[in-house]
Amino acid sequence: MADQLIIALAGATGDIGGRIARALVARGATVRALVRPDLPERDAVRLRQAGAAPVPADPDDVFAMAEAVAGASCVVSALNGVRAVMIGRQGVLLDASVRAGVPRSNPSDFAADFTKTRPGHNRNYDLRREFMARVDAVPIRATSILNGAFMDMLGAEMPIIRTGIHRVLYWHNADQILDFTTKDDTADYTAAAALDDTAPRFLRIAGDSVSVRDIAATMSSLAGKRYRPLWAGNLASLGVMIRIAKLIAPQPDAAFPPWQGMQYMRDQFAGSARLTPIENDRYAGLTWTSVREHLSTLKEHLQ
Ligand SMILES: NC(=O)c1ccc[n+]([C@@H]2O[C@H](COP(=O)([O-])OP(=O)(O)OC[C@H]3O[C@@H](n4cnc5c(N)ncnc54)[C@H](OP(=O)(O)O)[C@@H]3O)[C@@H](O)[C@H]2O)c1
């Protein structure tokens, strides 16, 4: 019998997983962090300090994993990787959840709307679609959280804001709306969804939806210097850059090689992965960080 307040969490040692663990604990959940049997003690201590209970289980052993998730109402995955993880390891987790009779399961999707994009155009979205088909073929109720790009990456890993020349790069269209949500806002929402017995198959959220022209205007007002959009090329030239980057640095085992980042950019600027309908209001008491609030914290951008 599943206990509504017990959530099993894979990937709790990671960035988003750690945030989800803390958000679940704050909501009164009992969090079982599914960890590798050889987890270093310092990481176990960190999980306990966050209020989660480390539960060791071999990630390749469906029987051990079924024992570890038994009794949970939902198994949340915040795992990260390419095929071996997103299909292989998440597949073991899914099979174990079904075997243990766990009623709900939330895959590690945390992306823009990959259900709408063209197959073959974005490696990580293709993997998510492949896993989606697998999830939908087994007797478990799944919920995927789709959040667009993590806003935390704007001004960091997503280097479109060029402070040296006061420009914000865009491809194709400076007015294309892009969806952003912070990691913490996504984690809070994911925790609420994990505890929601009626959560639907997809929940789409966006802390803010802005264009590059909007970002330039926000940077101008925050920095007191005029920022302008700067055309970096069209979608076809971005496609050429992706092919060249793949040839020069294929890094097939990396989750986010440079070409993968460019594939995300292409889908964002094509508008093909836009999030709609947005369900930010489904859970009471959540707050949403705006792009302006986020950028105002990036002191180095504003000097
Ligand atoms: N929308 C966006 O802008 C955006 C940006 C970044 C990430 N994401 C997504 O958010 C989710 C979580 O990402 P994250 O950055 O929090 O992940 P992370 O910290 O890199 O890793 C999460 C966990 O995945 C497992 N893992 C990582 N690399 C692995 C590997 N090579 N082989 C096997 N297991 C591996 C580890 O769990 P164990 O310790 O148990 O092995 C790790 O703690 C992923 O779905 C990712 O694609 C979205």
# chains A, B, ... in the order shown; residues from 1 in each chain; ligands from 1

$ residues_around --residues "Ala50 in chain A" --least-positions-apart "5" --cutoff "10 Å" --atoms "only C-alpha atoms" --output "list in words"
Gly18, Arg19, Ala21, Arg22, Ala23, Val25, Ala26, Val31, Ala44 and Val45 of chain A

$ residues_around --residues "Ile16 in chain A" --least-positions-apart "5" --cutoff "12 Å" --atoms "only C-alpha atoms" --output "ChimeraX atom specification"
/A:9-11,21-23,76-80,108-110,150,152,182-191

$ atom_distance --atom1 "CA of Ile278 in chain A" --atom2 "CA of Met132 in chain A"
19.9 Å

$ residues_around --residues "Asn234 in chain A" --least-positions-apart "5" --cutoff "12 Å" --atoms "only C-alpha atoms" --output "ChimeraX atom specification"
/A:169-174,239-241,265-266,269-270

$ write_last_selection --atoms "N, CA and C atoms" --output "PDB file, in the first residue's frame"
ATOM      1  N   LEU A 169      22.636  38.251 -27.969  1.00  0.00           N
ATOM      2  CA  LEU A 169      22.626  37.487 -29.222  1.00  0.00           C
ATOM      3  C   LEU A 169      21.271  36.818 -29.471  1.00  0.00           C
ATOM      4  N   TYR A 170      20.889  36.766 -30.726  1.00  0.00           N
ATOM      5  CA  TYR A 170      19.714  35.965 -31.085  1.00  0.00           C
ATOM      6  C   TYR A 170      19.937  35.344 -32.454  1.00  0.00           C
ATOM      7  N   TRP A 171      19.181  34.288 -32.694  1.00  0.00           N
ATOM      8  CA  TRP A 171      19.130  33.694 -34.031  1.00  0.00           C
ATOM      9  C   TRP A 171      17.715  33.899 -34.571  1.00  0.00           C
ATOM     10  N   HIS A 172      17.617  34.143 -35.832  1.00  0.00           N
ATOM     11  CA  HIS A 172      16.319  34.139 -36.517  1.00  0.00           C
ATOM     12  C   HIS A 172      15.460  35.351 -36.172  1.00  0.00           C
ATOM     13  N   ASN A 173      15.061  35.499 -34.900  1.00  0.00           N
ATOM     14  CA  ASN A 173      14.028  36.499 -34.600  1.00  0.00           C
ATOM     15  C   ASN A 173      14.213  37.026 -33.175  1.00  0.00           C
ATOM     16  N   ALA A 174      14.501  38.326 -33.052  1.00  0.00           N
ATOM     17  CA  ALA A 174      14.719  38.927 -31.718  1.00  0.00           C
ATOM     18  C   ALA A 174      13.436  38.995 -30.903  1.00  0.00           C
ATOM     19  N   GLY A 239      22.143  25.522 -37.756  1.00  0.00           N
ATOM     20  CA  GLY A 239      22.233  24.098 -38.099  1.00  0.00           C
ATOM     21  C   GLY A 239      23.621  23.728 -38.599  1.00  0.00           C
ATOM     22  N   VAL A 240      24.226  24.612 -39.407  1.00  0.00           N
ATOM     23  CA  VAL A 240      25.585  24.354 -39.903  1.00  0.00           C
ATOM     24  C   VAL A 240      26.568  24.350 -38.732  1.00  0.00           C
ATOM     25  N   MET A 241      26.393  25.330 -37.816  1.00  0.00           N
ATOM     26  CA  MET A 241      27.285  25.380 -36.647  1.00  0.00           C
ATOM     27  C   MET A 241      27.170  24.113 -35.805  1.00  0.00           C
ATOM     28  N   MET A 265      19.136  25.869 -28.401  1.00  0.00           N
ATOM     29  CA  MET A 265      18.948  27.243 -28.904  1.00  0.00           C
ATOM     30  C   MET A 265      18.081  27.222 -30.161  1.00  0.00           C
ATOM     31  N   ARG A 266      18.367  26.260 -31.046  1.00  0.00           N
ATOM     32  CA  ARG A 266      17.619  26.200 -32.307  1.00  0.00           C
ATOM     33  C   ARG A 266      16.133  25.976 -32.035  1.00  0.00           C
ATOM     34  N   PHE A 269      14.697  29.270 -30.465  1.00  0.00           N
ATOM     35  CA  PHE A 269      14.515  30.388 -31.395  1.00  0.00           C
ATOM     36  C   PHE A 269      13.579  30.043 -32.547  1.00  0.00           C
ATOM     37  N   ALA A 270      13.373  28.766 -32.810  1.00  0.00           N
ATOM     38  CA  ALA A 270      12.377  28.377 -33.818  1.00  0.00           C
ATOM     39  C   ALA A 270      10.974  28.463 -33.229  1.00  0.00           C
TER      40      ALA A 270
END

$ residues_around --residues "range 51-63 of chain A" --least-positions-apart "2" --cutoff "6 Å" --atoms "only C-alpha atoms" --output "list of chain:residue names"
A:Val31, A:Arg32, A:Ala33, A:Leu34, A:Val35, A:Arg36, A:Pro37, A:Leu47, A:Arg48, A:Gln49, A:Met65, A:Ala66, A:Val92, A:Ala96

$ atom_distance --atom1 "CA of Ala284 in chain A" --atom2 "CA of Arg204 in chain A"
15.6 Å

$ residues_around --residues "Ser211 in chain A" --least-positions-apart "4" --cutoff "9 Å" --atoms "only C-alpha atoms" --output "PyMOL selection string"
chain A and resi 173-179+215-216

$ select_by_dssp --residues "range 65-247 of chain A" --states "strand (DSSP E)" --output "VMD selection string"
chain A and resid 72 to 77 104 to 106 141 to 142 144 to 146 149 to 150 161 to 162 167 to 171 178 to 181 202 to 204 208 to 210 228 to 233

$ write_last_selection --atoms "C-alpha atoms" --output "compact mmCIF listing (two decimals), in the first residue's frame"
# COMPACT_ATOMS: atom_id res chain seq x y z
CA ALA A 72 6.22 5.07 -2.09
CA SER A 73 3.37 6.95 -3.74
CA CYS A 74 5.61 8.40 -6.45
CA VAL A 75 9.09 7.78 -7.82
CA VAL A 76 10.67 11.00 -9.00
CA SER A 77 13.70 10.93 -11.26
CA ARG A 104 2.99 7.23 -9.94
CA SER A 105 6.32 8.06 -11.55
CA ASN A 106 7.84 11.34 -12.73
CA ARG A 141 0.60 7.22 -13.93
CA ALA A 142 3.39 9.53 -15.01
CA SER A 144 6.54 15.17 -16.73
CA ILE A 145 7.44 18.69 -15.68
CA LEU A 146 8.29 20.91 -18.65
CA ALA A 149 15.37 26.57 -20.04
CA PHE A 150 16.62 26.95 -16.51
CA ILE A 161 24.21 38.27 -22.97
CA ARG A 162 27.48 39.88 -24.13
CA ARG A 167 24.48 43.12 -26.95
CA VAL A 168 22.15 40.14 -26.54
CA LEU A 169 22.63 37.49 -29.22
CA TYR A 170 19.71 35.97 -31.09
CA TRP A 171 19.13 33.69 -34.03
CA LEU A 178 11.65 32.08 -24.89
CA ASP A 179 10.47 30.25 -21.74
CA PHE A 180 12.59 30.32 -18.57
CA THR A 181 12.09 28.93 -15.05
CA PHE A 202 2.33 16.86 -18.50
CA LEU A 203 2.63 20.02 -16.45
CA ARG A 204 4.08 23.03 -18.24
CA ASP A 208 8.95 34.12 -17.24
CA SER A 209 8.54 34.21 -21.02
CA VAL A 210 10.51 36.93 -22.76
CA ARG A 228 20.70 45.94 -28.22
CA PRO A 229 19.79 42.60 -29.79
CA LEU A 230 22.56 41.27 -32.06
CA TRP A 231 21.66 38.92 -34.94
CA ALA A 232 23.94 35.86 -34.78
CA GLY A 233 22.49 34.14 -37.84

$ residues_around --residues "Ser97 in chain A" --least-positions-apart "2" --cutoff "8 Å" --atoms "only C-alpha atoms" --output "ChimeraX atom specification"
/A:65-66,69-70,75,93-95,99-103,105

$ closest_residue --among "A:Asp196, A:Asp253, A:Asp3, A:Glu130" --to "ligand 1" --atoms "only C-alpha atoms and all ligand atoms"
A:Asp253

$ atom_distance --atom1 "CA of Gly17 in chain A" --atom2 "atom 16 (O, counted along the ligand's line) of ligand 1"
5.6 Å

$ decode --residues "range 116-131 of chain A" --atoms "N, CA, C and O atoms" --output "CSV table (one decimal), in the first residue's frame"
chain,number,residue,atom,x,y,z
A,116,LYS,N,6.6,18.4,-29.0
A,116,LYS,CA,6.2,19.0,-30.2
A,116,LYS,C,7.3,19.1,-31.2
A,116,LYS,O,7.1,19.6,-32.3
A,117,THR,N,8.5,18.8,-30.8
A,117,THR,CA,9.7,19.1,-31.7
A,117,THR,C,9.9,17.9,-32.7
A,117,THR,O,9.4,16.8,-32.5
A,118,ARG,N,10.7,18.3,-33.7
A,118,ARG,CA,10.9,17.3,-34.8
A,118,ARG,C,11.9,16.3,-34.4
A,118,ARG,O,13.0,16.6,-34.0
A,119,PRO,N,11.6,15.0,-34.6
A,119,PRO,CA,12.6,13.9,-34.3
A,119,PRO,C,13.9,14.1,-35.1
A,119,PRO,O,13.8,14.5,-36.2
A,120,GLY,N,15.0,13.8,-34.4
A,120,GLY,CA,16.3,13.9,-35.1
A,120,GLY,C,16.9,15.3,-35.0
A,120,GLY,O,18.0,15.5,-35.5
A,121,HIS,N,16.2,16.3,-34.4
A,121,HIS,CA,16.7,17.6,-34.4
A,121,HIS,C,17.4,18.0,-33.1
A,121,HIS,O,18.1,19.0,-33.0
A,122,ASN,N,17.1,17.2,-32.0
A,122,ASN,CA,17.7,17.5,-30.7
A,122,ASN,C,17.8,16.2,-30.0
A,122,ASN,O,16.9,15.5,-29.6
A,123,ARG,N,19.1,15.8,-29.8
A,123,ARG,CA,19.4,14.4,-29.2
A,123,ARG,C,18.7,14.2,-27.9
A,123,ARG,O,18.1,13.2,-27.7
A,124,ASN,N,18.8,15.2,-27.0
A,124,ASN,CA,18.2,15.0,-25.6
A,124,ASN,C,16.7,15.0,-25.7
A,124,ASN,O,16.1,14.3,-24.8
A,125,TYR,N,16.1,15.7,-26.6
A,125,TYR,CA,14.6,15.6,-26.7
A,125,TYR,C,14.2,14.3,-27.3
A,125,TYR,O,13.2,13.7,-26.9
A,126,ASP,N,15.0,13.7,-28.2
A,126,ASP,CA,14.7,12.4,-28.8
A,126,ASP,C,14.7,11.4,-27.7
A,126,ASP,O,13.8,10.5,-27.7
A,127,LEU,N,15.7,11.4,-26.8
A,127,LEU,CA,15.8,10.5,-25.7
A,127,LEU,C,14.5,10.6,-24.8
A,127,LEU,O,14.0,9.6,-24.3
A,128,ARG,N,14.1,11.8,-24.5
A,128,ARG,CA,12.9,12.0,-23.7
A,128,ARG,C,11.7,11.4,-24.4
A,128,ARG,O,10.8,10.8,-23.7
A,129,ARG,N,11.6,11.7,-25.7
A,129,ARG,CA,10.4,11.1,-26.4
A,129,ARG,C,10.4,9.6,-26.3
A,129,ARG,O,9.4,8.9,-26.2
A,130,GLU,N,11.6,9.0,-26.5
A,130,GLU,CA,11.7,7.5,-26.5
A,130,GLU,C,11.3,7.0,-25.1
A,130,GLU,O,10.6,6.0,-25.0
A,131,PHE,N,11.7,7.7,-24.1
A,131,PHE,CA,11.4,7.2,-22.7
A,131,PHE,C,9.9,7.4,-22.5
A,131,PHE,O,9.2,6.6,-21.8
